[in-house]
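The file final_38.cif contains mmCIF, C-alpha atoms:
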data_entry
#
loop_
_atom_site.label_atom_id
_atom_site.label_comp_id
_atom_site.auth_asym_id
_atom_site.auth_seq_id
_atom_site.Cartn_x
_atom_site.Cartn_y
_atom_site.Cartn_z
CA MET V 1 0.00 0.00 0.00
CA PRO V 2 1.49 3.40 -0.99
CA LYS V 3 2.55 5.73 1.79
CA PRO V 4 0.59 8.94 2.37
CA ILE V 5 2.38 11.92 0.82
CA ILE V 6 2.72 15.26 2.56
CA TYR V 7 3.62 18.26 0.41
CA HIS V 8 5.38 20.88 2.51
CA ILE V 9 8.23 23.30 2.94
CA PRO V 10 10.84 22.05 5.44
CA VAL V 11 10.71 25.21 7.58
CA CYS V 12 6.89 25.29 7.74
CA PRO V 13 5.69 25.23 11.39
CA PHE V 14 2.44 23.51 10.41
CA SER V 15 4.32 20.71 8.72
CA GLN V 16 6.63 20.45 11.73
CA ARG V 17 3.61 19.68 13.90
CA VAL V 18 3.03 16.53 11.85
CA GLU V 19 6.73 15.65 11.86
CA ILE V 20 6.82 15.88 15.66
CA LEU V 21 3.76 13.65 15.99
CA LEU V 22 5.29 11.03 13.70
CA GLU V 23 8.53 11.14 15.70
CA LEU V 24 6.62 10.59 18.94
CA LYS V 25 4.90 7.59 17.39
CA GLY V 26 8.12 6.19 15.91
CA LEU V 27 6.58 6.51 12.44
CA ARG V 28 8.75 9.08 10.68
CA ASP V 29 9.07 6.76 7.67
CA ALA V 30 5.34 5.96 7.47
CA VAL V 31 4.75 9.16 5.46
CA GLU V 32 6.60 10.44 2.41
CA PHE V 33 7.42 14.16 2.55
CA ARG V 34 7.80 16.05 -0.72
CA VAL V 35 9.26 19.54 -0.67
CA VAL V 36 7.49 22.48 -2.34
CA ASP V 37 9.40 25.59 -3.41
CA ILE V 38 7.14 28.49 -2.36
CA THR V 39 9.29 30.99 -4.28
CA LYS V 40 7.86 29.56 -7.52
CA PRO V 41 4.28 29.23 -8.80
CA ARG V 42 2.54 26.13 -7.46
CA ASP V 43 2.72 23.01 -9.60
CA PRO V 44 -0.68 22.34 -11.27
CA HIS V 45 -0.78 18.90 -9.63
CA ILE V 46 -0.52 20.42 -6.15
CA LEU V 47 -3.15 23.04 -6.95
CA GLU V 48 -5.42 20.24 -8.13
CA LEU V 49 -4.90 18.38 -4.85
CA SER V 50 -5.53 21.52 -2.80
CA ARG V 51 -8.49 22.64 -4.94
CA GLY V 52 -6.76 25.89 -5.76
CA THR V 53 -5.42 26.98 -2.37
CA THR V 54 -1.72 27.52 -1.67
CA ALA V 55 -1.57 26.75 2.07
CA LEU V 56 0.67 23.89 3.16
CA PRO V 57 0.94 21.13 4.24
CA ILE V 58 -1.32 18.96 2.09
CA MET V 59 -1.67 15.21 2.72
CA ASP V 60 -2.44 12.99 -0.27
CA LEU V 61 -3.81 9.63 0.88
CA GLY V 62 -4.36 8.36 -2.66
CA GLY V 63 -7.57 7.55 -4.44
CA GLY V 64 -8.64 11.17 -4.49
CA ARG V 65 -8.49 11.48 -0.69
CA VAL V 66 -6.74 14.69 0.32
CA LEU V 67 -6.54 16.43 3.70
CA LYS V 68 -5.50 20.01 4.42
CA GLU V 69 -4.92 22.05 7.60
CA SER V 70 -2.33 20.83 10.07
CA LEU V 71 -4.76 20.21 12.92
CA VAL V 72 -6.91 18.03 10.65
CA ILE V 73 -3.84 16.10 9.50
CA LEU V 74 -2.73 15.64 13.12
CA ARG V 75 -6.09 14.11 14.02
CA TYR V 76 -5.89 11.79 11.03
CA VAL V 77 -2.39 10.61 11.96
CA GLU V 78 -3.42 10.14 15.59
CA GLU V 79 -6.41 8.01 14.61
CA ALA V 80 -4.85 6.13 11.69
CA PHE V 81 -1.75 5.18 13.71
CA ALA V 82 -3.38 4.72 17.09
CA GLU V 83 -0.38 3.48 19.10
CA PRO V 84 1.31 4.95 20.97
CA ARG V 85 -1.49 7.39 21.76
CA ILE V 86 -0.37 11.02 21.96
CA ALA V 87 -3.72 12.81 22.36
CA ARG V 88 -5.44 12.40 25.70
CA ALA V 89 -7.65 9.31 26.10
CA ASP V 90 -9.84 10.62 28.91
CA PRO V 91 -12.78 12.65 27.49
CA TYR V 92 -12.39 15.47 30.01
CA GLU V 93 -8.64 15.76 29.49
CA ARG V 94 -9.21 15.65 25.74
CA GLY V 95 -11.55 18.62 26.16
CA VAL V 96 -8.91 20.54 28.13
CA GLU V 97 -6.38 19.72 25.43
CA ARG V 98 -8.71 21.07 22.75
CA LEU V 99 -9.34 24.26 24.72
CA MET V 100 -5.63 24.99 24.65
CA ILE V 101 -5.27 24.04 20.98
CA ASP V 102 -8.16 26.35 20.06
CA ARG V 103 -6.06 29.33 21.19
CA ALA V 104 -3.05 28.39 19.07
CA GLY V 105 -4.24 30.17 15.92
CA ASP V 106 -4.61 33.56 17.61
CA PHE V 107 -1.29 33.08 19.42
CA THR V 108 0.45 32.32 16.14
CA MET V 109 -1.12 35.28 14.36
CA ALA V 110 0.00 37.65 17.13
CA GLY V 111 3.62 36.57 16.70
CA TYR V 112 3.59 36.80 12.92
CA LEU V 113 1.91 40.21 12.95
CA MET V 114 4.57 41.40 15.36
CA VAL V 115 7.51 40.28 13.24
CA MET V 116 5.94 41.64 10.02
CA ASN V 117 5.23 45.06 11.54
CA ARG V 118 7.50 47.86 10.30
CA ASP V 119 5.80 50.75 12.06
CA ARG V 120 7.79 51.60 15.20
CA ALA V 121 4.75 53.39 16.63
CA ARG V 122 2.93 50.05 16.77
CA THR V 123 5.74 47.93 18.22
CA ALA V 124 4.58 48.22 21.84
CA GLU V 125 1.00 47.38 20.84
CA LYS V 126 2.14 44.22 19.03
CA ARG V 127 4.29 43.21 21.98
CA ASP V 128 1.46 43.69 24.46
CA THR V 129 -0.91 41.63 22.32
CA LEU V 130 1.50 38.71 22.22
CA LEU V 131 2.20 38.96 25.95
CA SER V 132 -1.54 38.79 26.61
CA HIS V 133 -1.56 35.38 24.92
CA TYR V 134 1.36 34.23 27.04
CA ARG V 135 -0.49 35.40 30.16
CA TRP V 136 -3.52 33.35 29.15
CA LEU V 137 -1.32 30.29 28.57
CA ASP V 138 0.43 30.78 31.90
CA ASP V 139 -2.91 30.94 33.72
CA PHE V 140 -4.19 27.89 31.85
CA LEU V 141 -1.12 25.82 32.74
CA ARG V 142 -1.19 26.93 36.38
CA HIS V 143 -4.83 25.88 36.61
CA TYR V 144 -4.51 22.42 35.06
CA ASN V 145 -0.95 21.42 35.99
CA PRO V 146 0.64 24.04 38.29
CA ASP V 147 3.69 22.03 39.34
CA GLY V 148 4.27 20.16 36.09
CA THR V 149 6.14 20.97 32.91
CA PHE V 150 3.74 20.17 30.09
CA LEU V 151 -0.04 20.51 29.98
CA PHE V 152 -0.31 17.00 31.45
CA GLU V 153 2.42 14.69 32.69
CA ASP V 154 3.92 13.99 29.25
CA PHE V 155 4.60 15.95 26.07
CA GLY V 156 1.32 15.56 24.22
CA LEU V 157 -0.84 16.87 21.40
CA ALA V 158 -1.40 20.38 22.77
CA ASP V 159 2.29 20.77 23.54
CA LEU V 160 3.38 19.73 20.05
CA VAL V 161 0.86 22.11 18.44
CA TYR V 162 2.55 25.10 20.10
CA THR V 163 6.18 23.96 19.89
CA PRO V 164 6.83 24.97 16.25
CA MET V 165 5.44 28.42 17.01
CA PHE V 166 7.77 28.88 19.96
CA MET V 167 10.62 28.02 17.61
CA ARG V 168 9.42 30.41 14.90
CA PHE V 169 9.32 33.14 17.51
CA TRP V 170 13.10 33.00 17.54
CA PHE V 171 12.61 35.59 14.80
CA LEU V 172 11.01 37.86 17.42
CA GLU V 173 13.98 37.46 19.70
CA TYR V 174 16.36 38.28 16.86
CA TYR V 175 14.54 41.06 15.00
CA GLU V 176 12.45 42.57 17.82
CA GLY V 177 14.51 41.82 20.94
CA PHE V 178 11.45 40.06 22.34
CA ASP V 179 11.43 37.57 25.18
CA LEU V 180 9.17 36.83 28.09
CA PRO V 181 9.73 39.39 30.86
CA PRO V 182 11.83 38.17 33.84
CA ASP V 183 8.68 38.18 35.92
CA ALA V 184 7.32 35.39 38.11
CA ALA V 185 3.96 35.88 36.38
CA PHE V 186 5.44 34.15 33.32
CA ASP V 187 7.40 31.40 35.13
CA ARG V 188 4.96 28.61 34.36
CA VAL V 189 4.60 29.34 30.65
CA ARG V 190 8.36 29.93 30.36
CA ARG V 191 9.06 26.49 31.87
CA TRP V 192 6.61 24.92 29.43
CA ARG V 193 7.91 26.80 26.39
CA ASP V 194 11.55 25.94 27.08
CA ALA V 195 10.78 22.25 27.70
CA CYS V 196 8.74 22.04 24.50
CA MET V 197 11.55 23.48 22.39
CA ALA V 198 14.10 21.15 24.01
CA HIS V 199 12.06 17.99 23.46
CA PRO V 200 13.99 15.37 21.43
CA ALA V 201 11.08 14.86 19.01
CA ALA V 202 11.04 18.55 18.06
CA GLN V 203 14.52 19.14 16.64
CA GLN V 204 13.65 19.48 12.95
CA VAL V 205 14.74 23.13 12.72
CA SER V 206 17.37 25.40 14.25
CA HIS V 207 17.54 29.00 15.47
CA ASP V 208 19.78 30.22 12.64
CA GLU V 209 17.67 28.47 10.00
CA ILE V 210 14.53 30.25 11.21
CA VAL V 211 16.20 33.65 11.47
CA LYS V 212 17.75 33.46 7.99
CA LEU V 213 14.80 32.01 6.09
CA TYR V 214 12.23 34.28 7.73
CA TYR V 215 14.08 37.52 7.01
CA ASP V 216 11.49 38.54 4.43
CA TYR V 217 8.73 38.14 7.02
CA ALA V 218 10.66 40.52 9.25
CA VAL V 219 10.35 43.21 6.58
CA GLY V 220 6.65 42.56 6.00
CA LEU V 221 6.85 40.11 3.11
CA GLY V 222 5.39 36.62 3.38
CA ASN V 223 5.01 33.51 1.24
CA GLY V 224 7.87 34.18 -1.16
CA ALA V 225 6.95 37.81 -1.97
CA LEU V 226 9.82 40.02 -3.13
CA ALA V 227 10.71 43.54 -2.05
CA GLU V 228 11.46 46.18 -4.67
CA GLY V 229 15.05 45.79 -5.84
CA ARG V 230 15.30 42.19 -4.67
CA ALA V 231 15.52 39.26 -7.09
CA ARG V 232 15.44 36.35 -4.64
CA SER V 233 13.34 35.35 -1.64
CA SER V 234 14.93 34.48 1.68
CA PHE V 235 13.07 31.16 1.36
CA VAL V 236 15.05 29.94 -1.66
CA PHE V 237 16.74 26.55 -1.26
CA GLU V 238 20.00 27.67 -2.86
CA PRO V 239 22.32 28.99 -1.58
CA ASP V 240 21.70 26.76 1.41
CA TRP V 241 20.85 28.71 4.57
CA ARG V 242 23.89 27.26 6.38
CA GLY V 243 26.25 29.18 4.12
CA ARG V 244 24.47 32.51 4.41
CA PRO V 245 25.45 35.28 6.87
CA MET V 246 23.12 36.22 9.70
CA PRO V 247 20.76 38.93 8.39
CA PRO V 248 20.92 42.55 9.53
CA LYS V 249 18.54 43.40 12.36
CA ASP V 250 17.62 46.94 11.27
CA LYS V 251 14.27 45.85 9.80
CA TYR V 252 12.56 49.17 10.58
CA ASP V 253 15.03 51.25 8.60
CA ARG V 254 15.64 49.37 5.36
CA ILE V 255 15.41 46.08 3.47
CA ALA V 256 18.67 44.21 2.96
CA SER V 257 19.87 43.36 -0.53
CA ASP V 258 20.20 39.89 -2.00
CA GLU V 259 23.97 40.23 -1.65
CA GLU V 260 23.79 41.14 2.06
CA LEU V 261 21.59 38.12 2.70
CA GLY V 262 23.92 35.76 0.86
CA LEU V 263 21.31 34.90 -1.76
CA LEU V 264 23.47 35.39 -4.85
#

Could you rewrite the structure in this file as structure tokens?
Amino acid sequence: MPKPIIYHIPVCPFSQRVEILLELKGLRDAVEFRVVDITKPRDPHILELSRGTTALPIMDLGGGRVLKESLVILRYVEEAFAEPRIARADPYERGVERLMIDRAGDFTMAGYLMVMNRDRARTAEKRDTLLSHYRWLDDFLRHYNPDGTFLFEDFGLADLVYTPMFMRFWFLEYYEGFDLPPDAAFDRVRRWRDACMAHPAAQQVSHDEIVKLYYDYAVGLGNGALAEGRARSSFVFEPDWRGRPMPPKDKYDRIASDEELGLL
């Protein structure tokens, strides 16, 4: 029986969610991953699978069966490969897990809007919005597992949903100087965040990879869009990110050239 195929970009946080789940289940080779270059127009075959949308990842199960949206794909993987179970088995705990997951979209959007902002007058507003999400998460964790590390005793579905976002927010640390305040009010969420990023199943990406590839997001350009005067996206595969210099941090003042970013 053919393996399911997931079309993705390697640095995509939504794809990383699925990769982490497969690692936790010991099933990394149960799915074939095929890389999509988002700096080029989508292949007609992929657009046919996605019914015209460009969001990734997409899972092709064969026989015309296609799933989109990372949370939907996670549920499929969890149910199709039932053991070991990663989502909570108890109905009440599963509800708590889903409550936390339901907030992940707004949390993610707050971080991306912050890094893409180039108006200094709005920087504090963006920071405060993101911190409000961290406060909510801290309160949630203190309520359900005050002395623990993860939401429950082990790294589970809710934890893995947030982990790729914590890693992407390395771009906030680099370009915005953002981190959680050294305040006891954030101790619980800080402990959780740090443990999630350090988990062995979540090491698909690195700090420098995120910072280099997401430079264009830091100057307000997403999904392979190009700034005036630039010929190449920071998301190109070649030159490989490992050989590129660290990008300049002065995102509010100018947009770096292809040469500065090591893209030529």

Q: Write out as number ranges by chain the residues lying within 7 Å of Pro57 of chain V, counting all atoms listed in the file and excluding same-chain residues fewer than 2 positions away.
A: V: 6-8, 14-15, 55, 59, 68-70

Q. Skipping near chain neighbours, those fewer than 4 positions away, what residues fall within 12 Å of Leu71 of chain V using all atoms listed in the file, listed as a list in words?
A.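 With the cut-off at 12 Å, the set is Pro13, Phe14, Ser15, Gln16, Arg17, Val18, Leu21, Leu56, Pro57, Ile58, Met59, Leu67, Arg75, Tyr76, Val77, Glu78, Arg98, Ile101, Asp102, Ala104, Gly105, Leu157, Ala158, Leu160, Val161 and Tyr162 of chain V.
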
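Of the residues under consideration (V:Phe237, V:Phe178, V:Phe150, V:Phe33), V:Phe150 shows the shortest atom-to-atom contact distance to Glu97 of chain V when counting all atoms listed in the file.
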
Q) Nearest to Ala195 of chain V among V:Asp37, V:Asp159, V:Glu228, V:Glu173, with distances taken over all atoms listed in the file: which residue is it? A)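 Going through V:Asp37, V:Asp159, V:Glu228, V:Glu173 one by one, the smallest distance to Ala195 of chain V is for V:Asp159.
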
Q: Could you tell me which of V:Phe166, V:Tyr215, V:Tyr144, V:Tyr134 comes closest to Pro181 of chain V if we count all atoms listed in the file?
A: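 Among V:Phe166, V:Tyr215, V:Tyr144, V:Tyr134, it is V:Tyr134 that comes nearest to Pro181 of chain V.
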
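For the atom pair formed by atom CA of Arg135 of chain V and atom CA of Phe171 of chain V, the distance is 20.2 Å, given to one decimal.
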
Q: Excluding Gln204 of chain V and any residue of its chain fewer than 4 positions from it, enumerate the residues within 10 Å of it, using all atoms listed in the file, and give them as a list in words.
A: Pro10, Val11, Pro13, Gln16, Glu19, Ile20, Pro164 and Pro200 of chain V

Now that the selection is made, can you save its residues with C-alpha atoms as an mmCIF file, in the coordinates of the input?
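File produced: result17.cif:
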data_model
loop_
_atom_site.group_PDB
_atom_site.id
_atom_site.type_symbol
_atom_site.label_atom_id
_atom_site.label_comp_id
_atom_site.auth_asym_id
_atom_site.auth_seq_id
_atom_site.Cartn_x
_atom_site.Cartn_y
_atom_site.Cartn_z
ATOM 1 C CA PRO V 10 10.840 22.050 5.440
ATOM 2 C CA VAL V 11 10.710 25.210 7.580
ATOM 3 C CA PRO V 13 5.690 25.230 11.390
ATOM 4 C CA GLN V 16 6.630 20.450 11.730
ATOM 5 C CA GLU V 19 6.730 15.650 11.860
ATOM 6 C CA ILE V 20 6.820 15.880 15.660
ATOM 7 C CA PRO V 164 6.830 24.970 16.250
ATOM 8 C CA PRO V 200 13.990 15.370 21.430
#

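Between Leu213 of chain V and the residues V:Arg42, V:Arg191, V:Arg242, V:Arg230, the shortest atom-to-atom distance, using all atoms listed in the file, involves V:Arg242.
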
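Using only C-alpha atoms for every distance, the candidate list V:Ile255, V:Ile5, V:Val36, V:Leu261 yields V:Leu261 as the residue closest to Gly243 of chain V.
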
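Nearest-residue note for Ala227 of chain V: choosing from V:Asp139, V:Thr54, V:Arg254, V:Arg188, the minimum distance belongs to V:Arg254, counting all atoms listed in the file.
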
**Q.** Given the PyMOL selection byres ((chain V and resi 252) around 12), the residues it picks as a PyMOL selection string
**A.** chain V and resi 115-123+175-176+218-220+248-251+253-256
